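Colleague: mmCIF, C-alpha atoms, file entry16.cif:
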data_run
#
loop_
_atom_site.group_PDB
_atom_site.id
_atom_site.type_symbol
_atom_site.label_atom_id
_atom_site.label_comp_id
_atom_site.auth_asym_id
_atom_site.auth_seq_id
_atom_site.Cartn_x
_atom_site.Cartn_y
_atom_site.Cartn_z
ATOM 1 C CA MET D 28 -16.640 -20.628 13.502
ATOM 2 C CA ILE D 29 -14.655 -17.555 12.420
ATOM 3 C CA LYS D 30 -11.480 -18.303 10.498
ATOM 4 C CA PRO D 31 -8.324 -16.520 11.720
ATOM 5 C CA VAL D 32 -7.571 -14.410 8.623
ATOM 6 C CA CYS D 33 -9.622 -11.925 6.626
ATOM 7 C CA VAL D 34 -8.122 -11.224 3.181
ATOM 8 C CA ILE D 35 -9.039 -7.751 1.915
ATOM 9 C CA LEU D 36 -8.916 -6.764 -1.754
ATOM 10 C CA VAL D 37 -9.934 -3.303 -2.965
ATOM 11 C CA ASN D 38 -11.091 -3.436 -6.582
ATOM 12 C CA TYR D 39 -11.271 -0.353 -8.780
ATOM 13 C CA ASN D 40 -11.858 -1.088 -12.470
ATOM 14 C CA THR D 41 -9.415 -4.014 -12.461
ATOM 15 C CA PRO D 42 -11.587 -7.145 -12.898
ATOM 16 C CA LYS D 43 -8.893 -9.131 -14.727
ATOM 17 C CA HIS D 44 -6.198 -8.399 -12.127
ATOM 18 C CA THR D 45 -8.581 -9.004 -9.217
ATOM 19 C CA THR D 46 -9.759 -12.280 -10.736
ATOM 20 C CA ASP D 47 -6.204 -13.501 -11.235
ATOM 21 C CA CYS D 48 -5.237 -12.492 -7.703
ATOM 22 C CA ILE D 49 -8.218 -14.224 -6.086
ATOM 23 C CA SER D 50 -7.694 -17.349 -8.188
ATOM 24 C CA SER D 51 -4.041 -17.555 -7.132
ATOM 25 C CA ILE D 52 -4.914 -17.176 -3.439
ATOM 26 C CA LEU D 53 -7.628 -19.823 -3.594
ATOM 27 C CA ALA D 54 -5.362 -22.212 -5.502
ATOM 28 C CA ASN D 55 -2.255 -21.877 -3.323
ATOM 29 C CA CYS D 56 -3.359 -20.999 0.212
ATOM 30 C CA ASP D 57 -5.047 -23.100 2.899
ATOM 31 C CA ASN D 58 -8.754 -22.239 2.474
ATOM 32 C CA GLN D 59 -9.478 -23.275 6.073
ATOM 33 C CA LEU D 60 -7.517 -20.285 7.346
ATOM 34 C CA PHE D 61 -9.151 -17.354 5.569
ATOM 35 C CA ASP D 62 -12.147 -15.629 4.073
ATOM 36 C CA ILE D 63 -11.876 -13.120 1.238
ATOM 37 C CA VAL D 64 -13.631 -9.756 1.296
ATOM 38 C CA VAL D 65 -13.744 -7.721 -1.919
ATOM 39 C CA VAL D 66 -14.339 -4.006 -1.443
ATOM 40 C CA ASP D 67 -15.374 -2.390 -4.728
ATOM 41 C CA ASN D 68 -14.442 1.288 -4.834
ATOM 42 C CA ALA D 69 -17.382 2.338 -7.032
ATOM 43 C CA SER D 70 -15.890 0.890 -10.208
ATOM 44 C CA HIS D 71 -17.471 2.395 -13.316
ATOM 45 C CA ASP D 72 -17.011 -0.749 -15.398
ATOM 46 C CA ASP D 73 -18.664 -4.130 -14.795
ATOM 47 C CA SER D 74 -15.999 -5.252 -12.297
ATOM 48 C CA LEU D 75 -18.304 -6.015 -9.403
ATOM 49 C CA GLN D 76 -20.786 -8.032 -11.451
ATOM 50 C CA LEU D 77 -18.033 -10.064 -13.105
ATOM 51 C CA LEU D 78 -16.372 -10.845 -9.800
ATOM 52 C CA GLN D 79 -19.647 -11.821 -8.129
ATOM 53 C CA GLN D 80 -20.447 -14.164 -11.000
ATOM 54 C CA THR D 81 -16.979 -15.727 -10.942
ATOM 55 C CA PHE D 82 -16.629 -16.007 -7.151
ATOM 56 C CA PRO D 83 -20.138 -16.083 -5.629
ATOM 57 C CA GLN D 84 -18.773 -17.563 -2.385
ATOM 58 C CA LEU D 85 -16.861 -14.412 -1.432
ATOM 59 C CA HIS D 86 -18.125 -11.460 0.593
ATOM 60 C CA TYR D 87 -18.551 -8.179 -1.312
ATOM 61 C CA ILE D 88 -18.811 -4.629 -0.001
ATOM 62 C CA PRO D 89 -19.745 -2.091 -2.717
ATOM 63 C CA ASN D 90 -18.800 1.502 -1.978
ATOM 64 C CA THR D 91 -20.960 4.256 -3.463
ATOM 65 C CA GLN D 92 -17.877 6.365 -4.260
ATOM 66 C CA ASN D 93 -14.161 5.877 -4.796
ATOM 67 C CA LEU D 94 -12.728 6.137 -1.284
ATOM 68 C CA GLY D 95 -9.137 5.605 -2.369
ATOM 69 C CA PHE D 96 -6.759 2.896 -1.231
ATOM 70 C CA ALA D 97 -6.703 4.078 2.385
ATOM 71 C CA GLU D 98 -10.399 4.311 3.223
ATOM 72 C CA GLY D 99 -11.305 1.545 0.782
ATOM 73 C CA ASN D 100 -9.151 -0.839 2.803
ATOM 74 C CA ASN D 101 -10.493 0.626 6.041
ATOM 75 C CA VAL D 102 -13.958 -0.574 5.006
ATOM 76 C CA GLY D 103 -12.565 -4.100 4.815
ATOM 77 C CA LEU D 104 -10.520 -3.723 8.001
ATOM 78 C CA ARG D 105 -13.561 -2.595 9.976
ATOM 79 C CA TYR D 106 -15.422 -5.646 8.694
ATOM 80 C CA SER D 107 -12.503 -7.868 9.731
ATOM 81 C CA ILE D 108 -12.305 -6.405 13.237
ATOM 82 C CA ASP D 109 -16.074 -6.317 13.767
ATOM 83 C CA LYS D 110 -16.435 -9.969 12.719
ATOM 84 C CA GLY D 111 -13.722 -11.095 15.123
ATOM 85 C CA TYR D 112 -10.911 -12.132 12.788
ATOM 86 C CA THR D 113 -7.472 -12.306 14.412
ATOM 87 C CA TYR D 114 -5.533 -11.090 11.394
ATOM 88 C CA SER D 115 -6.124 -9.038 8.259
ATOM 89 C CA LEU D 116 -4.237 -9.414 4.993
ATOM 90 C CA VAL D 117 -4.324 -6.241 2.900
ATOM 91 C CA ILE D 118 -3.149 -7.173 -0.580
ATOM 92 C CA ASN D 119 -3.171 -5.374 -3.928
ATOM 93 C CA THR D 120 -5.317 -6.771 -6.714
ATOM 94 C CA ASP D 121 -2.416 -6.688 -9.185
ATOM 95 C CA THR D 122 -0.477 -9.342 -7.272
ATOM 96 C CA ILE D 123 -0.108 -13.072 -7.844
ATOM 97 C CA VAL D 124 0.472 -15.700 -5.150
ATOM 98 C CA GLU D 125 2.354 -18.887 -6.005
ATOM 99 C CA GLU D 126 2.754 -20.355 -2.521
ATOM 100 C CA ASP D 127 0.787 -20.561 0.717
ATOM 101 C CA ILE D 128 1.684 -17.108 1.985
ATOM 102 C CA ILE D 129 -1.252 -16.981 4.405
ATOM 103 C CA SER D 130 -0.096 -20.009 6.392
ATOM 104 C CA ALA D 131 3.474 -18.673 6.473
ATOM 105 C CA LEU D 132 2.587 -15.108 7.477
ATOM 106 C CA LYS D 133 0.075 -16.320 10.083
ATOM 107 C CA GLN D 134 2.664 -18.679 11.556
ATOM 108 C CA HIS D 135 5.110 -15.800 11.774
ATOM 109 C CA LEU D 136 2.765 -13.561 13.783
ATOM 110 C CA ASP D 137 1.690 -16.535 15.897
ATOM 111 C CA THR D 138 5.368 -17.024 16.776
ATOM 112 C CA PHE D 139 6.492 -13.401 17.117
ATOM 113 C CA GLN D 140 3.934 -11.832 19.442
ATOM 114 C CA LYS D 141 5.720 -8.456 19.455
ATOM 115 C CA ALA D 142 5.232 -8.094 15.716
ATOM 116 C CA GLY D 143 2.181 -6.029 14.773
ATOM 117 C CA ALA D 144 2.504 -6.697 11.051
ATOM 118 C CA VAL D 145 4.680 -8.564 8.575
ATOM 119 C CA GLN D 146 5.453 -8.183 4.881
ATOM 120 C CA PRO D 147 6.761 -10.795 2.423
ATOM 121 C CA ALA D 148 9.354 -10.144 -0.269
ATOM 122 C CA ILE D 149 7.595 -8.677 -3.309
ATOM 123 C CA TYR D 150 9.031 -9.312 -6.770
ATOM 124 C CA TRP D 151 8.101 -7.870 -10.154
ATOM 125 C CA LEU D 152 5.652 -10.029 -12.080
ATOM 126 C CA HIS D 153 7.490 -9.407 -15.359
ATOM 127 C CA ASN D 154 10.940 -9.965 -13.789
ATOM 128 C CA ARG D 155 10.720 -12.527 -11.027
ATOM 129 C CA THR D 156 14.374 -12.163 -10.079
ATOM 130 C CA GLN D 157 14.061 -8.452 -9.232
ATOM 131 C CA LEU D 158 12.626 -7.135 -5.983
ATOM 132 C CA TRP D 159 9.823 -4.597 -6.294
ATOM 133 C CA ASN D 160 9.734 -3.997 -2.546
ATOM 134 C CA GLY D 161 12.151 -5.229 0.101
ATOM 135 C CA PRO D 162 13.010 -4.033 3.633
ATOM 136 C CA GLY D 163 11.560 -0.550 4.233
ATOM 137 C CA SER D 164 13.676 2.116 5.921
ATOM 138 C CA PHE D 165 13.417 5.782 6.871
ATOM 139 C CA SER D 166 16.314 8.179 7.388
ATOM 140 C CA LYS D 167 15.197 10.977 9.666
ATOM 141 C CA LEU D 168 18.376 12.892 8.821
ATOM 142 C CA ILE D 169 17.681 13.303 5.100
ATOM 143 C CA GLY D 170 13.985 12.405 5.013
ATOM 144 C CA ASP D 171 14.588 9.403 2.777
ATOM 145 C CA ILE D 172 11.790 6.810 2.668
ATOM 146 C CA LYS D 173 12.977 3.824 0.678
ATOM 147 C CA SER D 174 12.813 0.099 0.091
ATOM 148 C CA ASP D 175 16.012 -1.916 -0.216
ATOM 149 C CA LYS D 176 15.935 -3.659 -3.600
ATOM 150 C CA SER D 177 19.663 -4.291 -3.848
ATOM 151 C CA GLN D 178 21.348 -7.524 -4.838
ATOM 152 C CA SER D 179 22.249 -8.183 -1.207
ATOM 153 C CA ALA D 180 18.596 -7.816 -0.197
ATOM 154 C CA GLN D 181 17.592 -10.284 -2.905
ATOM 155 C CA LYS D 182 20.159 -12.789 -1.664
ATOM 156 C CA SER D 183 19.072 -12.493 1.989
ATOM 157 C CA THR D 184 16.140 -14.896 1.729
ATOM 158 C CA ASP D 185 16.314 -16.381 5.229
ATOM 159 C CA THR D 186 16.937 -13.424 7.533
ATOM 160 C CA ILE D 187 13.923 -11.919 9.290
ATOM 161 C CA LYS D 188 14.359 -8.162 9.608
ATOM 162 C CA GLN D 189 12.780 -5.499 11.753
ATOM 163 C CA VAL D 190 11.924 -2.626 9.427
ATOM 164 C CA ASP D 191 10.717 0.972 9.662
ATOM 165 C CA TRP D 192 7.687 0.474 7.418
ATOM 166 C CA ILE D 193 5.920 -2.142 5.339
ATOM 167 C CA THR D 194 4.005 -1.760 2.118
ATOM 168 C CA GLY D 195 0.235 -1.902 1.753
ATOM 169 C CA CYS D 196 0.793 -3.969 -1.368
ATOM 170 C CA CYS D 197 0.914 -6.980 0.965
ATOM 171 C CA MET D 198 0.515 -6.209 4.651
ATOM 172 C CA PHE D 199 -0.410 -9.006 7.090
ATOM 173 C CA ILE D 200 -1.630 -7.234 10.234
ATOM 174 C CA ARG D 201 -2.558 -8.259 13.757
ATOM 175 C CA ASN D 202 -6.047 -6.828 14.358
ATOM 176 C CA SER D 203 -5.318 -6.154 18.014
ATOM 177 C CA ALA D 204 -2.481 -3.886 16.839
ATOM 178 C CA LEU D 205 -4.864 -2.028 14.522
ATOM 179 C CA ILE D 206 -7.282 -1.461 17.380
ATOM 180 C CA LYS D 207 -4.475 0.319 19.256
ATOM 181 C CA SER D 208 -2.930 2.196 16.335
ATOM 182 C CA GLY D 209 -6.013 3.051 14.316
ATOM 183 C CA LEU D 210 -6.583 2.245 10.659
ATOM 184 C CA PHE D 211 -5.197 3.908 7.523
ATOM 185 C CA ASN D 212 -5.484 7.701 7.519
ATOM 186 C CA LYS D 213 -8.198 8.330 4.930
ATOM 187 C CA GLN D 214 -6.897 11.856 4.313
ATOM 188 C CA PHE D 215 -3.947 10.310 2.465
ATOM 189 C CA PHE D 216 -6.341 8.615 0.001
ATOM 190 C CA LEU D 217 -3.542 6.996 -2.003
ATOM 191 C CA TYR D 218 0.246 6.575 -1.471
ATOM 192 C CA TYR D 219 2.253 6.774 1.782
ATOM 193 C CA GLU D 220 -0.816 5.728 3.791
ATOM 194 C CA ASP D 221 0.996 2.433 4.457
ATOM 195 C CA VAL D 222 4.167 4.173 5.660
ATOM 196 C CA GLU D 223 2.146 6.426 7.945
ATOM 197 C CA LEU D 224 0.177 3.499 9.407
ATOM 198 C CA SER D 225 3.421 1.570 9.907
ATOM 199 C CA PHE D 226 4.738 4.321 12.148
ATOM 200 C CA ARG D 227 1.562 4.382 14.215
ATOM 201 C CA ILE D 228 1.728 0.608 14.674
ATOM 202 C CA LYS D 229 5.302 1.003 15.925
ATOM 203 C CA ASN D 230 4.275 3.890 18.177
ATOM 204 C CA ALA D 231 1.640 1.584 19.667
ATOM 205 C CA GLY D 232 4.459 -0.665 20.864
ATOM 206 C CA TYR D 233 4.758 -3.240 18.078
ATOM 207 C CA GLU D 234 7.540 -4.328 15.755
ATOM 208 C CA LEU D 235 7.281 -4.504 11.966
ATOM 209 C CA HIS D 236 8.859 -7.498 10.242
ATOM 210 C CA TYR D 237 10.093 -8.277 6.740
ATOM 211 C CA LEU D 238 9.974 -11.996 5.912
ATOM 212 C CA PRO D 239 12.034 -12.629 2.738
ATOM 213 C CA SER D 240 11.428 -16.387 2.725
ATOM 214 C CA VAL D 241 7.826 -15.698 1.638
ATOM 215 C CA LYS D 242 7.342 -14.210 -1.840
ATOM 216 C CA ILE D 243 4.603 -12.748 -4.011
ATOM 217 C CA LEU D 244 4.612 -11.194 -7.491
ATOM 218 C CA HIS D 245 3.415 -7.669 -8.300
ATOM 219 C CA GLU D 246 2.592 -5.906 -11.552
ATOM 220 C CA ALA D 247 2.436 -2.449 -9.850
ATOM 221 C CA GLY D 248 0.136 0.461 -10.526
ATOM 222 C CA ALA D 249 -2.607 -1.282 -12.503
ATOM 223 C CA SER D 250 -5.404 1.027 -11.340
ATOM 224 C CA GLY D 251 -3.320 4.157 -11.916
ATOM 225 C CA LYS D 252 -2.391 3.432 -15.515
ATOM 226 C CA THR D 253 -4.291 3.642 -18.778
ATOM 227 C CA LYS D 254 -4.361 0.682 -21.147
ATOM 228 C CA GLN D 255 -3.403 2.898 -24.073
ATOM 229 C CA LYS D 256 -0.919 5.749 -24.074
ATOM 230 C CA ALA D 257 -2.706 9.063 -23.549
ATOM 231 C CA GLU D 258 -1.520 12.593 -24.272
ATOM 232 C CA GLU D 259 0.328 12.658 -20.938
ATOM 233 C CA GLY D 260 1.573 9.070 -21.075
ATOM 234 C CA TYR D 261 0.264 5.959 -19.351
ATOM 235 C CA LEU D 262 0.349 7.231 -15.757
ATOM 236 C CA ASN D 263 -2.674 9.140 -14.462
ATOM 237 C CA PRO D 264 -1.509 12.735 -13.778
ATOM 238 C CA VAL D 265 -3.246 12.793 -10.370
ATOM 239 C CA ILE D 266 -0.712 10.241 -9.092
ATOM 240 C CA HIS D 267 1.870 13.050 -8.988
ATOM 241 C CA TYR D 268 -0.447 15.023 -6.712
ATOM 242 C CA TYR D 269 -0.851 12.302 -4.100
ATOM 243 C CA ILE D 270 2.786 11.186 -4.082
ATOM 244 C CA SER D 271 4.185 14.695 -3.618
ATOM 245 C CA ARG D 272 1.551 15.847 -1.124
ATOM 246 C CA ASN D 273 1.574 12.747 1.050
ATOM 247 C CA ARG D 274 5.354 12.486 1.258
ATOM 248 C CA ILE D 275 5.475 16.021 2.632
ATOM 249 C CA TRP D 276 2.636 15.254 5.045
ATOM 250 C CA PHE D 277 4.549 12.253 6.357
ATOM 251 C CA LEU D 278 7.755 14.255 6.854
ATOM 252 C CA ARG D 279 5.890 17.025 8.645
ATOM 253 C CA ARG D 280 4.726 14.548 11.297
ATOM 254 C CA TYR D 281 7.489 11.951 11.504
ATOM 255 C CA GLY D 282 10.545 13.878 10.362
ATOM 256 C CA ALA D 283 12.656 16.104 12.592
ATOM 257 C CA ALA D 284 12.242 19.883 12.506
ATOM 258 C CA ALA D 285 15.993 20.321 12.946
ATOM 259 C CA PHE D 286 16.543 18.569 9.603
ATOM 260 C CA TYR D 287 13.870 20.440 7.606
ATOM 261 C CA PRO D 288 16.522 22.474 5.733
ATOM 262 C CA ILE D 289 18.061 19.207 4.512
ATOM 263 C CA TYR D 290 14.628 17.978 3.401
ATOM 264 C CA VAL D 291 14.025 21.211 1.512
ATOM 265 C CA ILE D 292 17.360 21.043 -0.300
ATOM 266 C CA GLY D 293 17.084 17.365 -1.211
ATOM 267 C CA SER D 294 13.404 17.358 -2.142
ATOM 268 C CA GLY D 295 13.628 20.761 -3.814
ATOM 269 C CA THR D 296 16.377 19.550 -6.129
ATOM 270 C CA TYR D 297 14.412 16.430 -7.032
ATOM 271 C CA TYR D 298 11.112 18.210 -7.661
ATOM 272 C CA LEU D 299 12.765 20.953 -9.693
ATOM 273 C CA ALA D 300 14.341 18.320 -11.937
ATOM 274 C CA LEU D 301 11.031 16.453 -12.229
ATOM 275 C CA LEU D 302 9.086 19.621 -13.061
ATOM 276 C CA THR D 303 11.653 20.554 -15.694
ATOM 277 C CA TYR D 304 11.417 17.095 -17.260
ATOM 278 C CA LEU D 305 7.601 17.113 -17.287
ATOM 279 C CA LYS D 306 7.498 20.620 -18.743
ATOM 280 C CA ILE D 307 9.923 19.706 -21.529
ATOM 281 C CA ARG D 308 7.792 16.666 -22.369
ATOM 282 C CA GLY D 309 4.646 18.794 -22.467
ATOM 283 C CA ARG D 310 3.054 16.984 -19.520
ATOM 284 C CA ASN D 311 1.204 20.075 -18.306
ATOM 285 C CA LYS D 312 -1.483 18.218 -16.347
ATOM 286 C CA LYS D 313 1.237 16.376 -14.460
ATOM 287 C CA VAL D 314 3.052 19.657 -13.818
ATOM 288 C CA ASN D 315 -0.127 21.212 -12.401
ATOM 289 C CA ASN D 316 -0.865 18.178 -10.227
ATOM 290 C CA LEU D 317 2.690 18.112 -8.904
ATOM 291 C CA LEU D 318 2.639 21.819 -8.052
ATOM 292 C CA LYS D 319 -0.747 21.478 -6.339
ATOM 293 C CA GLY D 320 0.558 18.472 -4.404
ATOM 294 C CA LEU D 321 3.573 20.448 -3.179
ATOM 295 C CA LYS D 322 1.356 23.355 -2.156
ATOM 296 C CA ASP D 323 -1.160 21.194 -0.281
ATOM 297 C CA GLY D 324 1.651 19.165 1.249
ATOM 298 C CA LEU D 325 3.250 22.254 2.730
ATOM 299 C CA PHE D 326 0.224 24.297 3.751
ATOM 300 C CA THR D 327 -2.604 21.925 4.727
ATOM 301 C CA PRO D 328 -3.094 22.308 8.502
ATOM 302 C CA GLN D 329 -2.095 19.278 10.551
ATOM 303 C CA SER D 330 -5.511 19.432 12.217
ATOM 304 C CA VAL D 331 -6.995 18.619 8.799
ATOM 305 C CA ILE D 332 -4.524 15.820 8.020
ATOM 306 C CA TRP D 333 -4.877 14.222 11.460
ATOM 307 C CA PRO D 334 -8.282 15.377 12.739
ATOM 308 C CA ASN D 335 -8.100 12.874 15.606
ATOM 309 C CA ASN D 336 -4.432 13.662 16.277
#
Have the structure of the file written as structure tokens, please.
Modeller:
Amino acid sequence: MIKPVCVILVNYNTPKHTTDCISSILANCDNQLFDIVVVDNASHDDSLQLLQQTFPQLHYIPNTQNLGFAEGNNVGLRYSIDKGYTYSLVINTDTIVEEDIISALKQHLDTFQKAGAVQPAIYWLHNRTQLWNGPGSFSKLIGDIKSDKSQSAQKSTDTIKQVDWITGCCMFIRNSALIKSGLFNKQFFLYYEDVELSFRIKNAGYELHYLPSVKILHEAGASGKTKQKAEEGYLNPVIHYYISRNRIWFLRRYGAAAFYPIYVIGSGTYYLALLTYLKIRGRNKKVNNLLKGLKDGLFTPQSVIWPNN
């Protein structure tokens, strides 16, 4: 008999993080409710072999190339939908679970039938009193996509909120909603794919909920950082490409044309300051990636970004 929840983890050269995440889920969540699927994004270390040896009972899907966060998770989501699971839990490998989040998130969607997806409160692993990601909002006026991590948000641990978007770091999704909205847009590859999918889930007629009474811990950015400081720092320079490009892509589709001048002024000021900082620090690869991201963000045809509209 199929269990109700399919837990999807995309591994890319992070065997230690993935192992810790799986171990925490198995130790704290009701094993009768879920199966775990590990999608390996063509890791070039021994991640897949180590994970298979440690957790032989799990289901593994090895990709022949790195498909990114978006399409990597889509591989798992298609498996979940095809096998008849009711819900999918997309969760980052650099997270730790210390309570039965699966039972709580499942109960929430069982109760709130209008909700297409729900997100728990996500705290920093190294500072468990500080929110990493709280209620997600979008201001169409200024093009601001943000997560409320304020003190008031941290204190509001009992109030369920309807939000504009939820993070792919931990996204508990109703599969019937995904069938209507579609999966992650693989063109995004990495970053803002969760915000974009959130808006399509809402456009399909569902609500998005933030459930602060349920908590997980997050290290953040494990697969995008080097273990030792490189010439351009710890962060992979290509991250600047995807963040800048995808934010512009999102605003082109979900922003308002009347407010584009405001977006240009606000974003232009920020990116000019960032480029100046990177140039002063000698981060030339990051400068080039950021400039390429801005160019592709502005000039890639929408028919390429959303080939199926």
Colleague: Go through D:Leu217, D:Ile200, D:Ile169, D:Leu244 and flag the residue nearest Ala285 (chain D), using all atoms listed in the file for the distances.
Modeller: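 Among D:Leu217, D:Ile200, D:Ile169, D:Leu244, it is D:Ile169 that comes nearest to Ala285 (chain D).
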Colleague: Which value, in Å to one decimal, gives the distance between CA of His71 (chain D) and CA of Asn40 (chain D)?
Modeller: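 Going from CA of His71 (chain D) over to CA of Asn40 (chain D) covers 6.7 Å.
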Colleague: Apply the PyMOL selection byres ((chain D and resi 30) around 9) to the displayed file and report the matching residues as a PyMOL selection string.
Modeller: chain D and resi 28-29+31-33+59-62+111-113
Colleague: Okay, now the selection with C-alpha atoms, as a tab-separated table (two decimals), keeping the file's coordinate frame?
Modeller:
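Written output follows (out-v2.tsv):
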chain	number	residue	atom	x	y	z
D	28	MET	CA	-16.64	-20.63	13.50
D	29	ILE	CA	-14.66	-17.56	12.42
D	31	PRO	CA	-8.32	-16.52	11.72
D	32	VAL	CA	-7.57	-14.41	8.62
D	33	CYS	CA	-9.62	-11.92	6.63
D	59	GLN	CA	-9.48	-23.28	6.07
D	60	LEU	CA	-7.52	-20.28	7.35
D	61	PHE	CA	-9.15	-17.35	5.57
D	62	ASP	CA	-12.15	-15.63	4.07
D	111	GLY	CA	-13.72	-11.10	15.12
D	112	TYR	CA	-10.91	-12.13	12.79
D	113	THR	CA	-7.47	-12.31	14.41
Colleague: Using all atoms listed in the file, can you tell me which of D:Pro328, D:Gly99, D:Pro83, D:Pro162 comes closest to Phe211 (chain D)?
Modeller: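 Ranking D:Pro328, D:Gly99, D:Pro83, D:Pro162 by distance to Phe211 (chain D), first place goes to D:Gly99.
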Colleague: Using only C-alpha atoms, which of the listed residues (D:Lys312, D:Lys110, D:Lys167, D:Arg227) sits closest to Trp192 (chain D)?
Modeller: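 Under the stated criterion, the closest residue is D:Arg227.
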Colleague: Report as a PyMOL selection string the residues that result from applying the PyMOL selection byres ((chain D and resi 278) around 10) to the structure here.
Modeller: chain D and resi 167+170-172+223+273-277+279-284+287+290+324
Colleague: Evaluate the PyMOL selection byres ((chain D and resi 203-206) around 10) against this structure - the residues, as a list in words, please.
Modeller: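 Matching residues under the PyMOL selection byres ((chain D and resi 203-206) around 10) are Leu104, Arg105, Ile108, Tyr112, Thr113, Tyr114, Ser115, Lys141, Ala142, Gly143, Ala144, Ile200, Arg201, Asn202, Lys207, Ser208, Gly209, Leu210, Phe211, Leu224, Arg227, Ile228, Lys229, Ala231, Gly232 and Tyr233 of chain D.
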Colleague: Take region 125-139 of chain D, model N, CA and C atoms, and hand the result over as a compact mmCIF listing (two decimals), keeping the file's coordinate frame.
Modeller:
# COMPACT_ATOMS: atom_id res chain seq x y z
N GLU D 125 1.97 -17.57 -5.49
CA GLU D 125 2.35 -18.89 -6.00
C GLU D 125 2.74 -19.87 -4.91
N GLU D 126 2.49 -19.48 -3.66
CA GLU D 126 2.75 -20.36 -2.52
C GLU D 126 1.76 -20.00 -1.42
N ASP D 127 1.74 -20.79 -0.37
CA ASP D 127 0.79 -20.56 0.72
C ASP D 127 1.32 -19.47 1.64
N ILE D 128 1.16 -18.22 1.19
CA ILE D 128 1.68 -17.11 1.98
C ILE D 128 0.87 -16.89 3.26
N ILE D 129 -0.40 -17.23 3.23
CA ILE D 129 -1.25 -16.98 4.40
C ILE D 129 -0.83 -17.85 5.58
N SER D 130 -0.57 -19.13 5.32
CA SER D 130 -0.10 -20.01 6.39
C SER D 130 1.24 -19.51 6.95
N ALA D 131 2.14 -19.09 6.04
CA ALA D 131 3.47 -18.67 6.47
C ALA D 131 3.43 -17.37 7.26
N LEU D 132 2.66 -16.40 6.79
CA LEU D 132 2.59 -15.11 7.48
C LEU D 132 1.85 -15.24 8.81
N LYS D 133 0.79 -16.07 8.83
CA LYS D 133 0.08 -16.32 10.08
C LYS D 133 1.00 -16.99 11.11
N GLN D 134 1.74 -17.99 10.66
CA GLN D 134 2.66 -18.68 11.56
C GLN D 134 3.70 -17.72 12.13
N HIS D 135 4.12 -16.77 11.31
CA HIS D 135 5.11 -15.80 11.77
C HIS D 135 4.54 -14.94 12.90
N LEU D 136 3.33 -14.39 12.73
CA LEU D 136 2.76 -13.56 13.78
C LEU D 136 2.34 -14.39 14.99
N ASP D 137 1.97 -15.65 14.76
CA ASP D 137 1.69 -16.54 15.90
C ASP D 137 2.94 -16.71 16.75
N THR D 138 4.10 -16.77 16.09
CA THR D 138 5.37 -17.02 16.78
C THR D 138 5.94 -15.76 17.40
N PHE D 139 5.89 -14.66 16.66
CA PHE D 139 6.49 -13.40 17.12
C PHE D 139 5.38 -12.47 17.60
